Every structure is written in structure tokens, then in C-alpha cells.
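Trainee: My structure is in protein_38.csv, and what it holds is CSV, C-alpha atoms:
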```csv
chain,number,residue,atom,x,y,z
A,1,MET,CA,118.4,148.5,-143.6
A,2,ALA,CA,118.4,148.1,-139.8
A,3,THR,CA,114.7,147.2,-139.9
A,4,GLU,CA,115.3,144.7,-142.6
A,5,VAL,CA,118.1,143.0,-140.6
A,6,ALA,CA,115.8,143.0,-137.5
A,7,THR,CA,112.9,141.5,-139.4
A,8,LYS,CA,115.2,138.8,-140.9
A,9,ALA,CA,116.5,138.0,-137.4
A,10,ALA,CA,113.0,137.8,-136.0
A,11,GLY,CA,112.0,135.5,-139.0
A,12,ALA,CA,114.9,133.2,-138.2
A,13,THR,CA,113.9,133.1,-134.5
A,14,ASP,CA,110.4,132.3,-135.5
A,15,SER,CA,111.3,129.4,-137.8
A,16,ARG,CA,113.8,128.2,-135.1
A,17,GLN,CA,111.0,128.2,-132.6
A,18,ARG,CA,108.7,126.4,-135.0
A,19,PHE,CA,111.3,123.6,-135.4
A,20,ILE,CA,111.5,123.4,-131.6
A,21,ASP,CA,107.7,123.2,-131.2
A,22,VAL,CA,107.3,120.5,-133.8
A,23,ALA,CA,110.3,118.6,-132.3
A,24,ILE,CA,108.6,118.5,-128.9
A,25,ARG,CA,105.4,117.2,-130.4
A,26,LEU,CA,107.2,114.5,-132.4
A,27,PHE,CA,109.4,113.5,-129.4
A,28,THR,CA,106.3,113.1,-127.4
A,29,GLN,CA,104.6,110.9,-130.0
A,30,HIS,CA,107.5,108.8,-131.2
A,31,SER,CA,110.2,109.3,-128.5
A,32,PHE,CA,113.5,111.1,-129.2
A,33,ALA,CA,115.1,108.0,-130.8
A,34,GLY,CA,112.1,107.6,-133.0
A,35,THR,CA,112.2,111.1,-134.4
A,36,SER,CA,114.5,112.1,-137.3
A,37,LEU,CA,115.4,115.6,-138.6
A,38,GLN,CA,113.7,114.4,-141.8
A,39,MET,CA,110.4,113.8,-139.9
A,40,ILE,CA,110.6,117.3,-138.5
A,41,ALA,CA,111.2,118.7,-142.0
A,42,ASP,CA,108.3,116.6,-143.4
A,43,GLU,CA,105.9,117.8,-140.6
A,44,LEU,CA,106.7,121.5,-141.4
A,45,GLY,CA,106.7,120.9,-145.2
A,46,VAL,CA,110.3,122.2,-145.6
A,47,THR,CA,113.5,120.6,-146.8
A,48,LYS,CA,115.9,118.8,-144.6
A,49,ALA,CA,118.4,121.5,-145.5
A,50,ALA,CA,116.1,124.1,-143.9
A,51,VAL,CA,116.3,122.1,-140.6
A,52,TYR,CA,120.1,121.7,-140.9
A,53,HIS,CA,120.4,125.5,-141.3
A,54,HIS,CA,119.4,125.7,-137.6
A,55,PHE,CA,120.4,122.4,-136.1
A,56,ARG,CA,123.1,120.2,-137.5
A,57,THR,CA,122.3,117.1,-135.4
A,58,ARG,CA,119.4,115.8,-133.4
A,59,GLU,CA,121.4,116.3,-130.3
A,60,GLU,CA,121.8,120.0,-131.1
A,61,LEU,CA,118.0,120.3,-131.6
A,62,LEU,CA,117.4,118.4,-128.3
A,63,ASN,CA,119.6,120.9,-126.4
A,64,ALA,CA,117.8,123.8,-128.0
A,65,VAL,CA,114.5,122.2,-126.9
A,66,VAL,CA,115.4,121.6,-123.3
A,67,ARG,CA,117.6,124.6,-122.6
A,68,PRO,CA,114.8,127.1,-121.5
A,69,VAL,CA,113.2,124.5,-119.2
A,70,LEU,CA,116.6,123.5,-117.7
A,71,GLU,CA,117.4,127.1,-117.0
A,72,GLU,CA,114.1,127.6,-115.3
A,73,LEU,CA,114.7,124.4,-113.3
A,74,ARG,CA,118.1,125.7,-112.2
A,75,ALA,CA,116.6,129.0,-111.0
A,76,ILE,CA,114.0,127.1,-108.9
A,77,VAL,CA,116.7,124.9,-107.4
A,78,ASP,CA,118.9,127.9,-106.6
A,79,ALA,CA,116.0,129.7,-104.9
A,80,ALA,CA,114.8,126.6,-103.0
A,81,GLU,CA,118.3,126.1,-101.5
A,82,THR,CA,118.2,129.6,-100.0
A,83,GLN,CA,115.1,128.6,-97.8
A,84,ARG,CA,115.8,128.3,-94.1
A,85,THR,CA,114.3,124.9,-93.2
A,86,ALA,CA,114.3,121.5,-94.9
A,87,HIS,CA,110.5,121.8,-95.2
A,88,GLY,CA,110.7,125.3,-96.7
A,89,ARG,CA,113.3,124.1,-99.2
A,90,ALA,CA,111.1,121.1,-100.2
A,91,GLU,CA,108.0,123.2,-100.4
A,92,HIS,CA,109.8,125.7,-102.7
A,93,MET,CA,111.2,122.9,-104.9
A,94,LEU,CA,107.8,121.0,-105.0
A,95,THR,CA,105.7,124.1,-106.0
A,96,GLY,CA,108.4,125.2,-108.5
A,97,TYR,CA,108.6,121.8,-110.1
A,98,ALA,CA,104.8,121.4,-110.3
A,99,GLY,CA,104.4,124.8,-111.9
A,100,LEU,CA,107.2,124.1,-114.4
A,101,ALA,CA,105.8,120.7,-115.3
A,102,VAL,CA,102.2,122.1,-115.8
A,103,ARG,CA,103.5,124.9,-118.0
A,104,ASN,CA,105.6,122.5,-120.1
A,105,ARG,CA,103.4,119.3,-120.0
A,106,ALA,CA,104.6,117.7,-123.2
A,107,LEU,CA,108.2,118.5,-122.8
A,108,ILE,CA,108.4,117.4,-119.1
A,109,SER,CA,106.9,114.1,-119.9
A,110,VAL,CA,109.6,113.6,-122.6
A,111,LEU,CA,112.4,115.0,-120.4
A,112,ALA,CA,111.6,112.8,-117.5
A,113,ALA,CA,110.7,109.6,-119.2
A,114,ASP,CA,112.5,109.2,-122.6
A,115,ARG,CA,115.5,107.0,-122.2
A,116,GLY,CA,117.2,108.4,-125.3
A,117,VAL,CA,116.9,111.9,-123.9
A,118,ILE,CA,118.0,110.9,-120.4
A,119,GLU,CA,121.0,109.1,-121.9
A,120,ILE,CA,122.2,112.3,-123.7
A,121,LEU,CA,121.4,114.7,-120.9
A,122,ARG,CA,123.0,112.6,-118.2
A,123,ALA,CA,126.3,112.8,-120.1
A,124,GLN,CA,126.3,116.5,-119.5
A,125,ARG,CA,128.0,116.6,-116.1
A,126,ASP,CA,126.5,119.9,-115.2
A,127,LEU,CA,122.9,118.5,-115.5
A,128,GLY,CA,123.6,115.5,-113.4
A,129,ALA,CA,124.6,117.8,-110.6
A,130,LEU,CA,121.5,119.8,-111.0
A,131,ILE,CA,119.3,116.7,-110.8
A,132,ASN,CA,121.1,115.6,-107.6
A,133,ARG,CA,120.5,118.9,-106.0
A,134,GLN,CA,116.8,118.8,-107.0
A,135,VAL,CA,116.3,115.3,-105.5
A,136,LYS,CA,118.1,116.3,-102.3
A,137,LEU,CA,115.8,119.3,-101.8
A,138,LEU,CA,112.8,116.9,-101.5
A,139,ALA,CA,114.6,113.9,-99.9
A,140,ASP,CA,116.1,115.9,-97.0
A,141,VAL,CA,112.7,116.2,-95.4
A,142,ASP,CA,113.1,112.6,-94.4
A,143,PRO,CA,116.8,111.7,-94.6
A,144,GLY,CA,117.5,108.1,-95.7
A,145,PRO,CA,116.2,105.7,-98.2
A,146,ALA,CA,112.5,106.4,-97.5
A,147,GLY,CA,113.1,110.1,-98.3
A,148,LEU,CA,114.9,109.3,-101.5
A,149,VAL,CA,112.1,107.0,-102.7
A,150,LYS,CA,109.5,109.6,-101.9
A,151,ALA,CA,111.5,112.3,-103.7
A,152,ALA,CA,111.9,110.0,-106.8
A,153,MET,CA,108.1,109.2,-106.7
A,154,VAL,CA,107.1,112.8,-106.5
A,155,PHE,CA,109.3,113.9,-109.4
A,156,ALA,CA,108.4,110.9,-111.6
A,157,GLY,CA,104.8,111.2,-110.5
A,158,ILE,CA,104.4,114.8,-111.4
A,159,ALA,CA,106.2,114.3,-114.8
A,160,GLY,CA,104.0,111.3,-115.5
A,161,ALA,CA,100.7,112.9,-114.3
A,162,VAL,CA,101.1,116.0,-116.6
A,163,GLY,CA,101.4,113.6,-119.6
A,164,PRO,CA,98.8,113.0,-122.3
A,165,ALA,CA,96.5,110.9,-120.1
A,166,LEU,CA,95.3,113.8,-117.9
A,167,VAL,CA,94.9,116.7,-120.4
A,168,ASP,CA,91.3,117.5,-119.3
A,169,LEU,CA,92.4,119.7,-116.3
A,170,ASP,CA,93.3,123.3,-116.7
A,171,ASP,CA,96.8,124.4,-115.6
A,172,GLU,CA,95.7,125.9,-112.3
A,173,ALA,CA,93.6,122.9,-111.1
A,174,LEU,CA,96.3,120.4,-112.2
A,175,ASN,CA,99.0,122.5,-110.5
A,176,GLN,CA,97.0,122.6,-107.3
A,177,HIS,CA,96.2,118.8,-107.3
A,178,LEU,CA,99.9,117.9,-108.0
A,179,THR,CA,101.2,120.2,-105.3
A,180,GLU,CA,98.8,118.9,-102.7
A,181,ALA,CA,99.5,115.2,-103.6
A,182,GLY,CA,103.2,115.9,-103.5
A,183,ARG,CA,102.9,117.5,-100.0
A,184,ARG,CA,101.0,114.4,-98.8
A,185,THR,CA,103.6,112.1,-100.2
A,186,LEU,CA,106.4,114.1,-98.6
A,187,GLY,CA,104.6,114.9,-95.3
A,188,LEU,CA,104.7,118.7,-95.9
A,189,ARG,CA,102.2,121.1,-94.3
A,190,THR,CA,99.8,122.9,-96.6
A,191,PRO,CA,100.4,126.6,-96.4
A,192,ARG,CA,97.4,128.8,-95.4
A,193,ARG,CA,95.4,130.1,-98.2
A,194,SER,CA,94.7,133.5,-96.5
A,195,GLY,CA,97.1,135.4,-98.7
A,196,PRO,CA,100.0,134.9,-101.0
A,197,ASP,CA,102.5,136.4,-98.5
A,198,VAL,CA,102.0,134.0,-95.7
A,199,PRO,CA,105.4,132.4,-95.1
A,200,PRO,CA,105.5,128.6,-94.9
A,201,GLN,CA,106.4,128.5,-91.2
A,202,GLN,CA,102.9,129.8,-90.4
A,203,ALA,CA,101.3,127.0,-92.3
A,204,THR,CA,98.7,124.7,-90.7
A,205,VAL,CA,99.1,121.0,-90.3
A,206,ARG,CA,96.9,119.0,-92.6
A,207,GLY,CA,96.3,115.3,-91.9
A,208,PRO,CA,95.7,112.7,-94.6
A,209,HIS,CA,91.9,112.5,-94.0
A,210,SER,CA,91.1,116.2,-93.5
B,1,MET,CA,112.7,60.8,-130.1
B,2,ALA,CA,110.3,62.4,-127.6
B,3,THR,CA,113.2,63.5,-125.5
B,4,GLU,CA,114.9,65.0,-128.5
B,5,VAL,CA,111.8,67.0,-129.3
B,6,ALA,CA,111.4,68.2,-125.8
B,7,THR,CA,115.1,69.2,-125.6
B,8,LYS,CA,114.8,71.1,-128.8
B,9,ALA,CA,111.6,72.8,-127.6
B,10,ALA,CA,113.4,73.8,-124.3
B,11,GLY,CA,116.3,75.1,-126.3
B,12,ALA,CA,114.0,77.2,-128.4
B,13,THR,CA,112.3,78.6,-125.3
B,14,ASP,CA,115.7,79.4,-123.8
B,15,SER,CA,116.9,81.3,-126.9
B,16,ARG,CA,113.5,83.1,-127.1
B,17,GLN,CA,113.9,84.1,-123.5
B,18,ARG,CA,117.4,85.3,-124.2
B,19,PHE,CA,116.1,87.6,-126.9
B,20,ILE,CA,113.4,88.9,-124.5
B,21,ASP,CA,116.0,89.6,-121.8
B,22,VAL,CA,118.3,91.5,-124.2
B,23,ALA,CA,115.4,93.4,-125.7
B,24,ILE,CA,114.3,94.7,-122.3
B,25,ARG,CA,117.9,95.8,-121.6
B,26,LEU,CA,118.2,97.6,-125.0
B,27,PHE,CA,114.7,99.2,-124.7
B,28,THR,CA,115.8,100.6,-121.3
B,29,GLN,CA,119.0,102.0,-122.7
B,30,HIS,CA,117.9,103.3,-126.1
B,31,SER,CA,114.1,103.3,-125.9
B,32,PHE,CA,111.9,101.0,-128.0
B,33,ALA,CA,112.1,103.2,-131.1
B,34,GLY,CA,115.9,103.3,-130.8
B,35,THR,CA,116.3,99.5,-130.7
B,36,SER,CA,116.3,97.5,-133.9
B,37,LEU,CA,116.2,93.7,-134.3
B,38,GLN,CA,119.7,94.1,-135.8
B,39,MET,CA,120.9,95.5,-132.5
B,40,ILE,CA,119.4,92.6,-130.6
B,41,ALA,CA,121.1,90.2,-133.0
B,42,ASP,CA,124.5,92.0,-132.6
B,43,GLU,CA,124.2,92.0,-128.8
B,44,LEU,CA,123.7,88.2,-128.7
B,45,GLY,CA,126.2,87.6,-131.5
B,46,VAL,CA,123.7,85.9,-133.7
B,47,THR,CA,122.4,86.7,-137.2
B,48,LYS,CA,119.3,88.8,-137.8
B,49,ALA,CA,117.7,85.6,-139.3
B,50,ALA,CA,118.0,84.0,-135.9
B,51,VAL,CA,116.0,86.8,-134.3
B,52,TYR,CA,113.4,86.6,-137.2
B,53,HIS,CA,113.0,82.9,-136.5
B,54,HIS,CA,111.3,83.9,-133.2
B,55,PHE,CA,110.0,87.4,-133.9
B,56,ARG,CA,109.1,88.7,-137.3
B,57,THR,CA,108.7,92.3,-136.2
B,58,ARG,CA,109.7,94.6,-133.4
B,59,GLU,CA,106.1,94.8,-132.4
B,60,GLU,CA,105.9,91.0,-132.1
B,61,LEU,CA,109.0,91.1,-129.8
B,62,LEU,CA,107.5,93.9,-127.7
B,63,ASN,CA,104.3,91.9,-127.2
B,64,ALA,CA,106.4,88.8,-126.1
B,65,VAL,CA,108.3,91.1,-123.7
B,66,VAL,CA,105.3,92.7,-122.1
B,67,ARG,CA,102.8,89.8,-122.1
B,68,PRO,CA,103.8,88.1,-118.8
B,69,VAL,CA,103.8,91.4,-116.9
B,70,LEU,CA,100.5,92.4,-118.4
B,71,GLU,CA,98.9,89.1,-117.4
B,72,GLU,CA,100.2,89.6,-113.8
B,73,LEU,CA,98.8,93.1,-113.8
B,74,ARG,CA,95.4,91.8,-115.0
B,75,ALA,CA,95.4,89.2,-112.2
B,76,ILE,CA,96.1,92.0,-109.6
B,77,VAL,CA,93.3,94.3,-111.1
B,78,ASP,CA,90.9,91.3,-111.1
B,79,ALA,CA,91.6,90.5,-107.4
B,80,ALA,CA,91.6,94.2,-106.3
B,81,GLU,CA,88.1,94.6,-107.7
B,82,THR,CA,86.8,91.9,-105.5
B,83,GLN,CA,87.7,93.8,-102.3
B,84,ARG,CA,84.7,95.1,-100.3
B,85,THR,CA,85.7,98.8,-99.8
B,86,ALA,CA,87.3,101.5,-101.9
B,87,HIS,CA,90.2,101.7,-99.5
B,88,GLY,CA,90.6,97.9,-99.6
B,89,ARG,CA,90.5,97.9,-103.4
B,90,ALA,CA,93.1,100.7,-103.6
B,91,GLU,CA,95.3,99.0,-101.0
B,92,HIS,CA,95.3,95.7,-103.0
B,93,MET,CA,96.0,97.6,-106.3
B,94,LEU,CA,98.8,99.6,-104.7
B,95,THR,CA,100.6,96.8,-103.0
B,96,GLY,CA,100.2,94.6,-106.1
B,97,TYR,CA,101.5,97.2,-108.5
B,98,ALA,CA,104.5,98.1,-106.2
B,99,GLY,CA,105.4,94.4,-106.0
B,100,LEU,CA,105.1,94.0,-109.7
B,101,ALA,CA,107.2,97.1,-110.4
B,102,VAL,CA,109.9,96.0,-108.0
B,103,ARG,CA,110.2,92.5,-109.5
B,104,ASN,CA,110.3,94.0,-113.0
B,105,ARG,CA,112.2,97.2,-112.5
B,106,ALA,CA,113.7,97.6,-116.0
B,107,LEU,CA,110.6,96.5,-117.8
B,108,ILE,CA,108.2,98.7,-115.8
B,109,SER,CA,110.2,101.8,-116.4
B,110,VAL,CA,110.1,101.1,-120.1
B,111,LEU,CA,106.4,100.1,-120.1
B,112,ALA,CA,105.3,103.2,-118.2
B,113,ALA,CA,107.5,105.8,-119.8
B,114,ASP,CA,108.4,104.9,-123.4
B,115,ARG,CA,106.2,106.8,-125.8
B,116,GLY,CA,106.9,104.4,-128.6
B,117,VAL,CA,105.8,101.5,-126.4
B,118,ILE,CA,102.7,103.3,-125.0
B,119,GLU,CA,101.7,104.2,-128.6
B,120,ILE,CA,101.7,100.5,-129.6
B,121,LEU,CA,100.1,99.2,-126.4
B,122,ARG,CA,97.3,101.8,-126.3
B,123,ALA,CA,96.2,100.7,-129.8
B,124,GLN,CA,95.3,97.3,-128.2
B,125,ARG,CA,91.8,98.1,-127.0
B,126,ASP,CA,91.9,95.4,-124.3
B,127,LEU,CA,94.9,97.0,-122.7
B,128,GLY,CA,93.4,100.5,-122.6
B,129,ALA,CA,90.5,99.0,-120.7
B,130,LEU,CA,92.8,97.3,-118.2
B,131,ILE,CA,94.7,100.6,-117.6
B,132,ASN,CA,91.4,102.5,-117.0
B,133,ARG,CA,90.4,99.8,-114.4
B,134,GLN,CA,93.8,100.1,-112.7
B,135,VAL,CA,93.6,103.9,-112.4
B,136,LYS,CA,90.0,103.7,-111.2
B,137,LEU,CA,91.0,101.4,-108.3
B,138,LEU,CA,93.3,104.1,-106.9
B,139,ALA,CA,91.2,107.1,-108.0
B,140,ASP,CA,88.0,106.0,-106.3
B,141,VAL,CA,89.4,106.6,-102.8
B,142,ASP,CA,88.8,110.3,-103.5
B,143,PRO,CA,86.4,110.6,-106.4
B,144,GLY,CA,87.0,113.6,-108.8
B,145,PRO,CA,90.0,115.2,-110.4
B,146,ALA,CA,92.1,115.2,-107.2
B,147,GLY,CA,91.8,111.4,-106.9
B,148,LEU,CA,92.6,111.0,-110.6
B,149,VAL,CA,95.8,113.1,-110.3
B,150,LYS,CA,96.8,111.2,-107.1
B,151,ALA,CA,96.3,107.9,-108.9
B,152,ALA,CA,98.3,109.0,-111.9
B,153,MET,CA,101.1,110.3,-109.6
B,154,VAL,CA,101.3,107.0,-107.7
B,155,PHE,CA,101.5,104.8,-110.8
B,156,ALA,CA,104.0,107.1,-112.7
B,157,GLY,CA,105.9,107.7,-109.4
B,158,ILE,CA,106.3,104.0,-108.7
B,159,ALA,CA,107.3,103.2,-112.3
B,160,GLY,CA,109.8,106.1,-112.2
B,161,ALA,CA,111.2,105.3,-108.8
B,162,VAL,CA,112.0,101.7,-109.7
B,163,GLY,CA,114.1,103.0,-112.7
B,164,PRO,CA,117.9,103.0,-112.9
B,165,ALA,CA,118.4,106.0,-110.6
B,166,LEU,CA,117.5,104.0,-107.4
B,167,VAL,CA,119.1,100.7,-107.9
B,168,ASP,CA,120.9,100.6,-104.5
B,169,LEU,CA,117.8,99.4,-102.5
B,170,ASP,CA,117.0,95.7,-102.3
B,171,ASP,CA,113.5,94.6,-103.5
B,172,GLU,CA,112.0,94.3,-100.1
B,173,ALA,CA,113.1,97.7,-98.9
B,174,LEU,CA,112.1,99.4,-102.1
B,175,ASN,CA,108.7,97.7,-102.1
B,176,GLN,CA,108.1,98.8,-98.6
B,177,HIS,CA,109.1,102.5,-99.2
B,178,LEU,CA,107.0,102.6,-102.4
B,179,THR,CA,104.0,101.2,-100.8
B,180,GLU,CA,104.2,103.5,-97.8
B,181,ALA,CA,104.7,106.6,-100.0
B,182,GLY,CA,101.8,105.5,-102.2
B,183,ARG,CA,99.6,105.1,-99.1
B,184,ARG,CA,100.5,108.6,-97.9
B,185,THR,CA,99.7,110.1,-101.3
B,186,LEU,CA,96.3,108.4,-101.5
B,187,GLY,CA,95.5,108.8,-97.8
B,188,LEU,CA,95.3,105.0,-97.1
B,189,ARG,CA,95.8,103.6,-93.7
B,190,THR,CA,98.8,101.4,-93.1
B,191,PRO,CA,97.7,97.9,-92.2
B,192,ARG,CA,98.9,96.5,-88.9
B,193,ARG,CA,102.1,94.4,-89.1
B,194,SER,CA,101.0,91.9,-86.5
B,195,GLY,CA,100.1,89.2,-89.1
B,196,PRO,CA,99.4,88.7,-92.7
B,197,ASP,CA,95.7,87.8,-92.1
B,198,VAL,CA,94.7,91.1,-90.5
B,199,PRO,CA,92.0,92.6,-92.8
B,200,PRO,CA,92.4,96.2,-93.9
B,201,GLN,CA,89.4,97.4,-91.9
B,202,GLN,CA,91.3,96.7,-88.7
B,203,ALA,CA,94.3,98.8,-89.7
B,204,THR,CA,95.5,101.7,-87.6
B,205,VAL,CA,95.4,105.3,-88.8
B,206,ARG,CA,98.8,106.8,-89.5
B,207,GLY,CA,99.2,110.5,-89.9
B,208,PRO,CA,101.7,112.1,-92.3
B,209,HIS,CA,104.1,113.0,-89.5
B,210,SER,CA,104.0,109.8,-87.4
```
Starting from the file, give its structure as C-alpha cells.
Mentor:
Amino acid sequence: MATEVATKAAGATDSRQRFIDVAIRLFTQHSFAGTSLQMIADELGVTKAAVYHHFRTREELLNAVVRPVLEELRAIVDAAETQRTAHGRAEHMLTGYAGLAVRNRALISVLAADRGVIEILRAQRDLGALINRQVKLLADVDPGPAGLVKAAMVFAGIAGAVGPALVDLDDEALNQHLTEAGRRTLGLRTPRRSGPDVPPQQATVRGPHS
Amino acid sequence: MATEVATKAAGATDSRQRFIDVAIRLFTQHSFAGTSLQMIADELGVTKAAVYHHFRTREELLNAVVRPVLEELRAIVDAAETQRTAHGRAEHMLTGYAGLAVRNRALISVLAADRGVIEILRAQRDLGALINRQVKLLADVDPGPAGLVKAAMVFAGIAGAVGPALVDLDDEALNQHLTEAGRRTLGLRTPRRSGPDVPPQQATVRGPHS
């Protein structure tokens, strides 16, 4: 009996996850506004009622889609804010965001670029505050408008560069190139590669032509 | 009679332009897929038939919206390709794109980010070729995957940074910050400010911390 319940619960989780995976793909292709629950049902060969069983509105589905990534983003922002220096905070935010973006290529390009998605997410006050903290972590390396523009360019640039156009790089290579480009934009030092435990303050200075 | 015809033609051009302006605003707010010809008619307080008089489909309206910017982009790419060095070509492409983006903030953020728009524009073979040339002009400064990632980051970064989040900078300041950030990302020298006729090869080297 208990096993049956557990199996049923796992089955429900699986089908929920399948809806989420298909939703991300369709959002990427047709934008959030261009994707209906009916299209998701058609894509999976199920009835619209089966989709409604998990998500009553498109907004509910969107929230289920973005929640894991937003929780991960929140953890990165929290950890970055504990770093001692502005450069350390920016380095943590940059590497965290690049890793997150590379692991969630399709979703990040939707999240960062889709007006319909942004409109709905911005209305959630909590998320607006998170995005402001995220921007501040990069912008504070160079306080003022120049720093804000660089921060906006790095976030939008990473989100755009992980999109469909550049799929021929594996995660590790893409992550490395994004992080290095972000450091150049922001004027951050590249940490030494001698070991994973070298703290950022022992990093070497790297010029734009080295 | 001739005056009457000319006035009528000017009136038609005006109303056509009004449709285009409203379309850009609605695409920005609701994405291309989320904007119907009916919404454009409602916004202008005209009938749907009045919209149909100028544009029979949403795709036709989209093409009218993007054509002037794409023609300007083509002129920038053409001129950039005539520059003698890879750095000169990238500098021309970068400053041209930043200027274009700043002058067309709302439209560029739609063009570069809206999946529905990208899907339709990519299907136009001519445009795909233009985008490839545009990317190559920046990427060739550092041939290989790193250069491609930097080029993608700069284009996506500029398009994202001119979006609604950063509206509090005037065109000149935003243009300058975008161009300087793009140069840092790509490793380009900042040209001297002594005069507009100084060729790029006489530019000074500027490190990331200067």
C-alpha cells in the first residue's frame, strides 16, 4: 500500500517534470506569450485536462518552471554578499551566474529575454529585490553609471550567449569563456589556476592583451 | 489635385508610422507573440480594418517595424568590413551597433531577445547572413571559441543593457559606457579623444584598471 502510494507520487512528479521540460522548450521556441497550455498538451500527446491537473494557469506553470533556478540564484546572491571585498563579491556573483546560465541554457535565455516572462516575474516584489541585489554585486566594482551599464551588459550578455546560437560548446568551455569575458568587462582579476582553494585576493592581474 | 494626392500620401505615411510606433511599444510590453493586430487597433482607437489597410498580417507589420533598423545595421556591417585591421573592423562594428542600439532602445531589445521575432527573422536567409557577418566582425579579434563567446556577449549585452531597466541615462552617456564596456570585453584599444579624425592605429592602450 505504502509502495503503491510512493509509486503514484513519483509518477505524478515525473509527469509534472515532463510538463515543465516541454514548457521550457516551447517558451524558448515561441516565447511565453506564444505558448498555450493546449500546445503543451499537444506536444506531450495528452489532454488539456491532464495539464490542468498540475497547472491551472500558464502563470502557475511559469512559476513551477522558474522556481528551482530562482532559488539557486538566491543562494548565489546570498553567498556572494558574504564576501569581504567588492571584487570578491563580484567574482562570486559572476562565476555563480555563469555556471547557473550554462546549466540552464534554454531557461535562462527565456528568463532574461522574454518580455512576457519578465512582466509577470517583476510583479513579484520579492524577485525585483533579488535582481537589484544581483545587479549591485557586479555594479559596485565601479560605482556609478559605468558600473551599472557593465553589470547590465554582463548579465544580459551571459544570458544571450548561452542561447541557441552558441550550442556547439560544451558546458565547461562555455562557462570558462563567459567567466573570462565577464571579468574583462568588469575589470576583475583572473584567479590563479594553481588550485581550487586559492582565495581571490591572491589572484594575478591580467591585462586585456595577455 | 497633385497637392491633394501628396497630402493623402503623407497622411497614409503618418498613420502607417503610428501603427509602427504602437507596435514597437506593444511588442516590448507583451512580446511579438503576445501582440495581436486587434490590440494595436484598440491602442490607437481605430478598427481592425484600418490596421489591415496597411498590414495584412502580423509578420508584414514586423517587417515594416524592423526594416529601417536592419538597413542601418547592414550599412554599418558593410562599412566595418572595409576597415584595414581586425581591431579596426571590430571598433567600427562595436561603435556602430552601440549607437544603433541606443537610438532604437525599445526596438533593439525586442529584436535581439524576442524568440517569436527571432524565429521569423531567422527564416529570412538574407538576414541570417547579415548576423553572421556582424558576429564575425567582433569575433575575429580573437579567432576561436573565446572570440565567438565575447562577440555574442557584447551584442546580447548591449541589446539587454539598452532595455527598460536602464532608462535613466541619456543617449550620449549610455552610448559611451556601452562602447567602453564592449572594448574591454573584446580587448580593443580606446581611440584618443583628441579629434574625430585620429585613425584607430594611433590609439592608446588602456588597461582594465586604468
Trainee: Would you work out the distance separating atom CA of A:Val110 from atom CA of B:Asn104, expressed in Å to one decimal?
Mentor: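 Atom-to-atom, atom CA of A:Val110 to atom CA of B:Asn104, that is 21.8 Å.
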Trainee: Provide as a ChimeraX atom specification the residues of chain B at most 7 Å from chain A, counting all atoms listed in the file.
Mentor: /B:28-31,33-34,113-116,146,149-150,152-154,156-158,160-161,177-178,181,184-185,187,207-209
Trainee: Using only C-alpha atoms, determine which residues lie at most 8 Å from B:Leu61, disregarding the query and same-chain residues fewer than 5 positions distant; provide the list as a PyMOL selection string.
Mentor: chain B and resi 20+23+55-56
Trainee: For the atom pair atom CA of B:Leu62 and atom CA of B:Leu111, what is the interatomic distance in Å to one decimal place?
Mentor: 9.9 Å
Trainee: Would you mind reading off the distance between atom CA of A:Gly96 and atom CA of A:Leu73, one decimal, in Å?
Mentor: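 Computed distance, atom CA of A:Gly96 to atom CA of A:Leu73, equals 8.0 Å.
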Trainee: Do a neighbour search on B:Glu91 at 9 Å with all atoms listed in the file, toss out local chain neighbours closer than 3 positions, and write the hits as a list in words.
Mentor: Ala80, Ala86, His87, Gly88, Leu94, Thr95, Gly96, Leu137, Leu138, Thr179, Arg183, Leu188, Arg189, Thr190 and Pro200 of chain B
